[in-house]
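Peer 1: Provided herewith is a single structure, encoded as structure tokens, for subsequent inquiry.
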Amino acid sequence: MPQYDYDLFVIGAGSGGVRAARLAAMTGARVAVAEEHEVGGTCVVRGCIPKKFMVYASDFSHEFKVAKSYGWHVEARFDWREFLTAKDIEIARLSGIYTANLGKAGVELFHERAQFVDPHRLDLKNSKRTVSAEKVLIATGGRPFKPDDLAGVEHAITSEEAFHLPHLPKRIVVVGGGYIAVEFAGIFAGLGVETTLVYRGSNILRGFDDDVRAHLTDQIERRGIRVILGGTHEVIEKRDSGLLSKLDNGIEVESDQVMFATGRKPYTHGLGLDAAGVKLKPTGAVAVDEYSRTNVEHIWAIGDVTDRMNLTPVAIREAIAFCETAFKNHPSKFDYDNVPTAVFSQPPVGTVGLTEAEARKHCGKIDVYLSRFRPQKTTLTKIDERVMMKLVVDPRDQKILGAHIVGPEAAEMIQFAAIAIKAGITKPQWDATCALHPTIGEEMVTMREKYIPPELAAAE
Ligand code: FAD
């Protein structure tokens with residue numbers, strides 16, 4: 001008789017948990033997973049996928065404007081309810097596929113909440129069972145949060161509710177400067193909602209390249225988003241005419257909806273980590289080593305709950321590395337260098353590698369190549385849209401350290417740039433690639449002149 005009910009128990013059937021459960025089961029291990037909401041987790045149900053549908057829906061308004069200058073006359077009307085129904089049908093289909101794939105791999109699914117009672121045993125909340133497992137994987141993800149101490153915060157929503165609003169507001173205030181805030185501001189603005197983005201910092205997208213941040217702010221303002229920087233909410237007042245956001249810089253904005261996208265926290269609440277003896281970092285994330293192992297030998301954690309790099313493909317790669325290590329006797333760790341990321345703003349951002357500031361810090365002197373231009377598609381229109389592309393190069397060995405794009409299809413382009421940069425491509429090798437004409441991407445391989453930022457040019 002085996003000592004435990006399962007070889008592996010996974011808590012959370014999101015991006016990381018589902019992949020880990022399936023891969024472990026495929027090695028012949030007896031695997032179970034608990035999921036308290038829909039299978040698929042944040043990405044499938046209330047993150048990447050529904051958000052991208054919303055970006056697609058929203059971007060049509062821009063395309064209709066462009067279409068007009070090509071001789072098309074489109075009478076467009078957007079139906080929010082119709083869109084939500086179509087989106088929800090697809091999300092349910094995807095969640096069903098994830099569930100079916102777990103079944104096909106032989107994973108037992110408990111559709112309920114799991115909680116540690118001791119390091120090897122977990123309580124299952126609905127079926128009132130206690131199960132035991134030799135290894136446990138914590139893959140419980142993260143949750144958005146609102147500032148509890150803000151008066152009137154109960155009137156505000158987070159991204160979770162934004163996917164299911166009963167109707168589109170006429171005016172919205174989106175609070176935050178991270179990618180989720182910027183993406184939702186773009187979504188609402190494109191759908192015709194009068195949109196204000198409020199951020200307490202000096203510019204949006206902290207951590208991104210400064211030229212990207214400045215360029216994107218300019219571009220989204222051109223698309224009609226009002227960007228208020230250096231402002232923090234003091235109160236949200238409910239009035240007959242709407243919600244009044246009072247900021248500490250004296251600005252007041254009235255809207256029909258306020259959405260907070262000011263960050264996410266690792267979701268460990270009520271998980272019984274004390275009973276299991278699992279330690280947290282001061283940030284609240286589960287502390288793990290580079291193999292995703294916690295301080296308890298047989299308990300592991302991957303994905304957003306560890307707050308390392310909170311992206312779906314990263315959670316999946318951590319899951320793969322975990323299975324190699326824990327079930328295939330092949331210790332593996334994920335390499336977090338040169339992970340490409342995107343902001344599905346309108347226009348979008350694609351980025352990989354170091355920002356200019358990071359590269360200067362690491363290398364001292366660096367070479368920068370930068371280009372700004374009008375994409376061909378909008379040259380027939382009066383829309384003043386600009387693409388920005390930037391390469392950051394180490395002059396000592398000519399290695400490309402970072403690539404940054406703001407413009408149509410930036411995310412698609414950066415995926416491929418990332419292959420070359422991950423492989424260690426040099427600028428001469430990059431330049432040896434022949435351009436593909438006429439495309440936006442060709443500019444990436446034809447940037448020859450070094451760019452000297454104005455502040456450095458003045459110093460030289
Ligand atoms: P999750 O996918 O969050 O899964 C955790 C699961 O655990 C959840 O289903 C939860 O219900 C379950 N759970 C938690 N506690 C328990 C418990 N005690 N018992 C049972 N079940 C439990 N990433 C990208 O790469 N690209 C994007 O474009 C992108 N867009 C995003 C947009 C938004 C609005 C948000 C919020 C996130 C976005 N992300 C994006 C991030 C991405 O969704 C996450 O990085 C990814 O889902 C993390 O996967 P995970 O497995 O760690 O956790």
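Chain labels A, B, ... are given in the sequence in which chains occur in the structure tokens; within each chain residues are numbered consecutively from 1, and ligands are likewise numbered from 1 in the order shown.
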DSSP on the backbone, then: every residue of stretch 79-202 of chain A marked strand (DSSP E), written as a count of residues only.
Peer 2: 36
Peer 1: Just want the 10 Å neighbourhood of stretch 428-435 of chain A, counted on only C-alpha atoms, with same-chain residues fewer than 6 positions away dropped. Output as an MDAnalysis selection string.
Peer 2: chainID A and resid 398:400 417 420:421 441:448
Peer 1: Excluding A:Asp118 and any residue of its chain fewer than 6 positions from it, enumerate the residues within 9 Å of it, using only C-alpha atoms, and give them as an MDAnalysis selection string.
Peer 2: chainID A and resid 272:277
Peer 1: Using only C-alpha atoms, what table do you get, as JSON lines, when you list each residue of stretch 187-290 of chain A with an atom no more than 10 Å from stretch 143-152 of chain A, its nearest pair of atoms, and their distance in Å rounded to one decimal, rows by chain then rising number?
Peer 2:
{"residue": "A:His233", "atom": "CA", "partner": "A:Leu150", "partner_atom": "CA", "distance": 7.5}
{"residue": "A:Glu234", "atom": "CA", "partner": "A:Leu150", "partner_atom": "CA", "distance": 6.7}
{"residue": "A:Val235", "atom": "CA", "partner": "A:Ala151", "partner_atom": "CA", "distance": 5.0}
{"residue": "A:Ile236", "atom": "CA", "partner": "A:Gly152", "partner_atom": "CA", "distance": 4.6}
{"residue": "A:Glu237", "atom": "CA", "partner": "A:Gly152", "partner_atom": "CA", "distance": 6.0}
{"residue": "A:Lys238", "atom": "CA", "partner": "A:Gly152", "partner_atom": "CA", "distance": 7.5}
{"residue": "A:Leu243", "atom": "CA", "partner": "A:Gly152", "partner_atom": "CA", "distance": 9.2}
{"residue": "A:Leu244", "atom": "CA", "partner": "A:Gly152", "partner_atom": "CA", "distance": 9.6}
{"residue": "A:Ser245", "atom": "CA", "partner": "A:Gly152", "partner_atom": "CA", "distance": 9.2}
{"residue": "A:Met259", "atom": "CA", "partner": "A:Lys146", "partner_atom": "CA", "distance": 9.2}
{"residue": "A:Phe260", "atom": "CA", "partner": "A:Lys146", "partner_atom": "CA", "distance": 6.2}
{"residue": "A:Ala261", "atom": "CA", "partner": "A:Pro144", "partner_atom": "CA", "distance": 7.3}
{"residue": "A:Thr262", "atom": "CA", "partner": "A:Lys146", "partner_atom": "CA", "distance": 7.1}
{"residue": "A:Gly263", "atom": "CA", "partner": "A:Pro144", "partner_atom": "CA", "distance": 6.0}
{"residue": "A:Arg264", "atom": "CA", "partner": "A:Pro144", "partner_atom": "CA", "distance": 4.2}
{"residue": "A:Lys265", "atom": "CA", "partner": "A:Arg143", "partner_atom": "CA", "distance": 5.4}
{"residue": "A:Pro266", "atom": "CA", "partner": "A:Arg143", "partner_atom": "CA", "distance": 6.5}
{"residue": "A:Tyr267", "atom": "CA", "partner": "A:Arg143", "partner_atom": "CA", "distance": 5.9}
{"residue": "A:Thr268", "atom": "CA", "partner": "A:Arg143", "partner_atom": "CA", "distance": 9.6}
Peer 1: Between A:Gly192, A:Gly186, A:Gly424, A:Pro50, which residue has the minimum interatomic distance to A:Leu168, considering only C-alpha atoms?
Peer 2: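 Residue with the minimum atom-to-atom distance to A:Leu168: A:Gly192.
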Peer 1: I need the residues in stretch 157-283 of chain A that are helix (DSSP H, G or I) according to DSSP; give them as a PyMOL selection string.
Peer 2: chain A and resi 159-162+179-190+210-222+273-276
Peer 1: Could you tell me how far atom CA of A:Asp59 lies from atom CA of A:Gln346, in Å and to one decimal?
Peer 2: 7.3 Å
Peer 1: Please indicate the distance in Å from atom CA of A:Ser371 to atom CA of A:Val227, rounded to one decimal place.
Peer 2: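 Distance reported for this atom pair: 24.4 Å.
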Peer 1: Show me, as a PyMOL selection string, the residues that have an atom within 7 Å of stretch 374-381 of chain A when counting only C-alpha atoms, minus same-chain residues fewer than 5 positions from it.
Peer 2: chain A and resi 66+69+386-387+440
Peer 1: Would you list the contacts of A:Phe53 as a PyMOL selection string, taking every protein, DNA or RNA residue within 10 Å and counting only C-alpha atoms, but skipping same-chain residues closer than 2 positions in sequence?
Peer 2: chain A and resi 48-51+55-59+83-84+86-87+90+187
Peer 1: With N, CA and C atoms retained, export the selected residues as a PDB file, in the first residue's frame.
Peer 2:
ATOM      1  N   CYS A  48      -5.125  37.201 -19.431  1.00  0.00           N
ATOM      2  CA  CYS A  48      -4.624  37.342 -20.802  1.00  0.00           C
ATOM      3  C   CYS A  48      -5.681  37.160 -21.899  1.00  0.00           C
ATOM      4  N   ILE A  49      -6.402  36.048 -21.841  1.00  0.00           N
ATOM      5  CA  ILE A  49      -7.262  35.692 -22.981  1.00  0.00           C
ATOM      6  C   ILE A  49      -8.484  36.617 -23.094  1.00  0.00           C
ATOM      7  N   PRO A  50      -9.311  36.745 -22.024  1.00  0.00           N
ATOM      8  CA  PRO A  50     -10.435  37.680 -22.163  1.00  0.00           C
ATOM      9  C   PRO A  50      -9.966  39.106 -22.417  1.00  0.00           C
ATOM     10  N   LYS A  51      -8.835  39.466 -21.816  1.00  0.00           N
ATOM     11  CA  LYS A  51      -8.305  40.821 -22.052  1.00  0.00           C
ATOM     12  C   LYS A  51      -7.968  41.029 -23.521  1.00  0.00           C
ATOM     13  N   VAL A  55      -9.201  43.783 -26.178  1.00  0.00           N
ATOM     14  CA  VAL A  55      -8.330  44.655 -26.978  1.00  0.00           C
ATOM     15  C   VAL A  55      -8.752  44.573 -28.443  1.00  0.00           C
ATOM     16  N   TYR A  56      -9.001  43.347 -28.923  1.00  0.00           N
ATOM     17  CA  TYR A  56      -9.443  43.207 -30.317  1.00  0.00           C
ATOM     18  C   TYR A  56     -10.735  43.994 -30.546  1.00  0.00           C
ATOM     19  N   ALA A  57     -11.693  43.811 -29.616  1.00  0.00           N
ATOM     20  CA  ALA A  57     -12.992  44.491 -29.764  1.00  0.00           C
ATOM     21  C   ALA A  57     -12.785  45.997 -29.834  1.00  0.00           C
ATOM     22  N   SER A  58     -11.940  46.486 -28.964  1.00  0.00           N
ATOM     23  CA  SER A  58     -11.720  47.918 -28.828  1.00  0.00           C
ATOM     24  C   SER A  58     -10.990  48.514 -30.036  1.00  0.00           C
ATOM     25  N   ASP A  59     -10.034  47.770 -30.566  1.00  0.00           N
ATOM     26  CA  ASP A  59      -9.175  48.300 -31.630  1.00  0.00           C
ATOM     27  C   ASP A  59      -9.932  48.515 -32.944  1.00  0.00           C
ATOM     28  N   PHE A  83     -20.900  41.248 -27.251  1.00  0.00           N
ATOM     29  CA  PHE A  83     -19.480  40.920 -27.158  1.00  0.00           C
ATOM     30  C   PHE A  83     -19.217  40.036 -25.943  1.00  0.00           C
ATOM     31  N   LEU A  84     -19.790  40.424 -24.780  1.00  0.00           N
ATOM     32  CA  LEU A  84     -19.555  39.642 -23.556  1.00  0.00           C
ATOM     33  C   LEU A  84     -20.018  38.197 -23.730  1.00  0.00           C
ATOM     34  N   ALA A  86     -20.264  36.449 -26.518  1.00  0.00           N
ATOM     35  CA  ALA A  86     -19.343  35.716 -27.403  1.00  0.00           C
ATOM     36  C   ALA A  86     -18.049  35.373 -26.655  1.00  0.00           C
ATOM     37  N   LYS A  87     -17.545  36.346 -25.924  1.00  0.00           N
ATOM     38  CA  LYS A  87     -16.298  36.134 -25.161  1.00  0.00           C
ATOM     39  C   LYS A  87     -16.490  35.016 -24.131  1.00  0.00           C
ATOM     40  N   GLU A  90     -16.508  31.495 -25.498  1.00  0.00           N
ATOM     41  CA  GLU A  90     -15.169  31.022 -25.856  1.00  0.00           C
ATOM     42  C   GLU A  90     -14.340  30.679 -24.604  1.00  0.00           C
ATOM     43  N   ILE A 187      -8.470  49.801 -23.779  1.00  0.00           N
ATOM     44  CA  ILE A 187      -9.684  49.052 -24.129  1.00  0.00           C
ATOM     45  C   ILE A 187     -10.905  49.969 -24.032  1.00  0.00           C
TER      46      ILE A 187
END
Peer 1: With distances taken over only C-alpha atoms and all ligand atoms, which of A:Val349, A:Val153, A:Leu191, A:Leu124 is nearest to ligand 1?
Peer 2: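 Between A:Val349, A:Val153, A:Leu191, A:Leu124, the residue approaching ligand 1 most closely is A:Leu124.
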Peer 1: Pick the closest to A:Thr351 from A:Arg19, A:His330, A:Arg222, A:Lys390: which is it, counting only C-alpha atoms?
Peer 2: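 Smallest distance to A:Thr351 is found for A:Lys390.
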Peer 1: Skip stretch 229-232 of chain A itself and residues of its chain fewer than 2 positions away, then list as a count of residues only all residues within 9 Å of it, counting only C-alpha atoms.
Peer 2: 18
Peer 1: Identify which of the residues A:Gly71, A:Gly142, A:Gly402, A:Pro347 lies closest to A:Ile220, counting only C-alpha atoms when measuring atom-to-atom distances.
Peer 2: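 Result for the nearest residue to A:Ile220: A:Pro347.
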Peer 1: Could you name the residues that touch A:Gly47 at 10 Å or less, counting only C-alpha atoms, but leaving out those on the same chain fewer than 2 positions away, as JSON, numbers by chain?
Peer 2: {"A": [41, 42, 43, 44, 45, 49, 50, 51, 52, 159, 160, 163, 180, 312]}
Peer 1: Write the residues of the selection above to a file with N, CA and C atoms, as a PDB file, in the first residue's frame.
Peer 2:
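Writing done, so here's out29.pdb:
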ATOM      1  N   GLY A  41      -7.632  29.113 -14.681  1.00  0.00           N
ATOM      2  CA  GLY A  41      -7.044  30.151 -13.829  1.00  0.00           C
ATOM      3  C   GLY A  41      -7.146  31.549 -14.402  1.00  0.00           C
ATOM      4  N   THR A  42      -6.281  32.402 -13.908  1.00  0.00           N
ATOM      5  CA  THR A  42      -6.352  33.825 -14.250  1.00  0.00           C
ATOM      6  C   THR A  42      -6.231  34.055 -15.747  1.00  0.00           C
ATOM      7  N   CYS A  43      -5.235  33.445 -16.357  1.00  0.00           N
ATOM      8  CA  CYS A  43      -4.953  33.717 -17.768  1.00  0.00           C
ATOM      9  C   CYS A  43      -6.178  33.451 -18.635  1.00  0.00           C
ATOM     10  N   VAL A  44      -6.772  32.283 -18.450  1.00  0.00           N
ATOM     11  CA  VAL A  44      -7.867  31.879 -19.329  1.00  0.00           C
ATOM     12  C   VAL A  44      -9.174  32.579 -18.955  1.00  0.00           C
ATOM     13  N   VAL A  45      -9.406  32.759 -17.658  1.00  0.00           N
ATOM     14  CA  VAL A  45     -10.732  33.192 -17.214  1.00  0.00           C
ATOM     15  C   VAL A  45     -10.826  34.696 -16.949  1.00  0.00           C
ATOM     16  N   ILE A  49      -6.402  36.048 -21.841  1.00  0.00           N
ATOM     17  CA  ILE A  49      -7.262  35.692 -22.981  1.00  0.00           C
ATOM     18  C   ILE A  49      -8.484  36.617 -23.094  1.00  0.00           C
ATOM     19  N   PRO A  50      -9.311  36.745 -22.024  1.00  0.00           N
ATOM     20  CA  PRO A  50     -10.435  37.680 -22.163  1.00  0.00           C
ATOM     21  C   PRO A  50      -9.966  39.106 -22.417  1.00  0.00           C
ATOM     22  N   LYS A  51      -8.835  39.466 -21.816  1.00  0.00           N
ATOM     23  CA  LYS A  51      -8.305  40.821 -22.052  1.00  0.00           C
ATOM     24  C   LYS A  51      -7.968  41.029 -23.521  1.00  0.00           C
ATOM     25  N   LYS A  52      -7.335  40.022 -24.137  1.00  0.00           N
ATOM     26  CA  LYS A  52      -6.961  40.177 -25.554  1.00  0.00           C
ATOM     27  C   LYS A  52      -8.222  40.282 -26.415  1.00  0.00           C
ATOM     28  N   SER A 159      -9.811  44.566 -12.183  1.00  0.00           N
ATOM     29  CA  SER A 159      -9.901  43.911 -13.499  1.00  0.00           C
ATOM     30  C   SER A 159     -10.894  42.744 -13.472  1.00  0.00           C
ATOM     31  N   GLU A 160     -11.067  42.102 -12.319  1.00  0.00           N
ATOM     32  CA  GLU A 160     -11.953  40.934 -12.252  1.00  0.00           C
ATOM     33  C   GLU A 160     -13.377  41.310 -12.676  1.00  0.00           C
ATOM     34  N   PHE A 163     -14.319  42.510 -16.555  1.00  0.00           N
ATOM     35  CA  PHE A 163     -14.651  41.550 -17.611  1.00  0.00           C
ATOM     36  C   PHE A 163     -16.144  41.259 -17.681  1.00  0.00           C
ATOM     37  N   ILE A 180      -1.528  46.382 -16.761  1.00  0.00           N
ATOM     38  CA  ILE A 180      -2.972  46.094 -16.752  1.00  0.00           C
ATOM     39  C   ILE A 180      -3.770  47.400 -16.806  1.00  0.00           C
ATOM     40  N   THR A 312       2.100  34.247 -17.873  1.00  0.00           N
ATOM     41  CA  THR A 312       1.666  32.874 -18.130  1.00  0.00           C
ATOM     42  C   THR A 312       2.776  31.971 -18.663  1.00  0.00           C
TER      43      THR A 312
END
Peer 1: Pick from A:Thr99, A:Gln219, A:Ser132, A:Gln257: nearest to A:Arg30, with only C-alpha atoms counted?
Peer 2: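 Closest candidate: A:Ser132.
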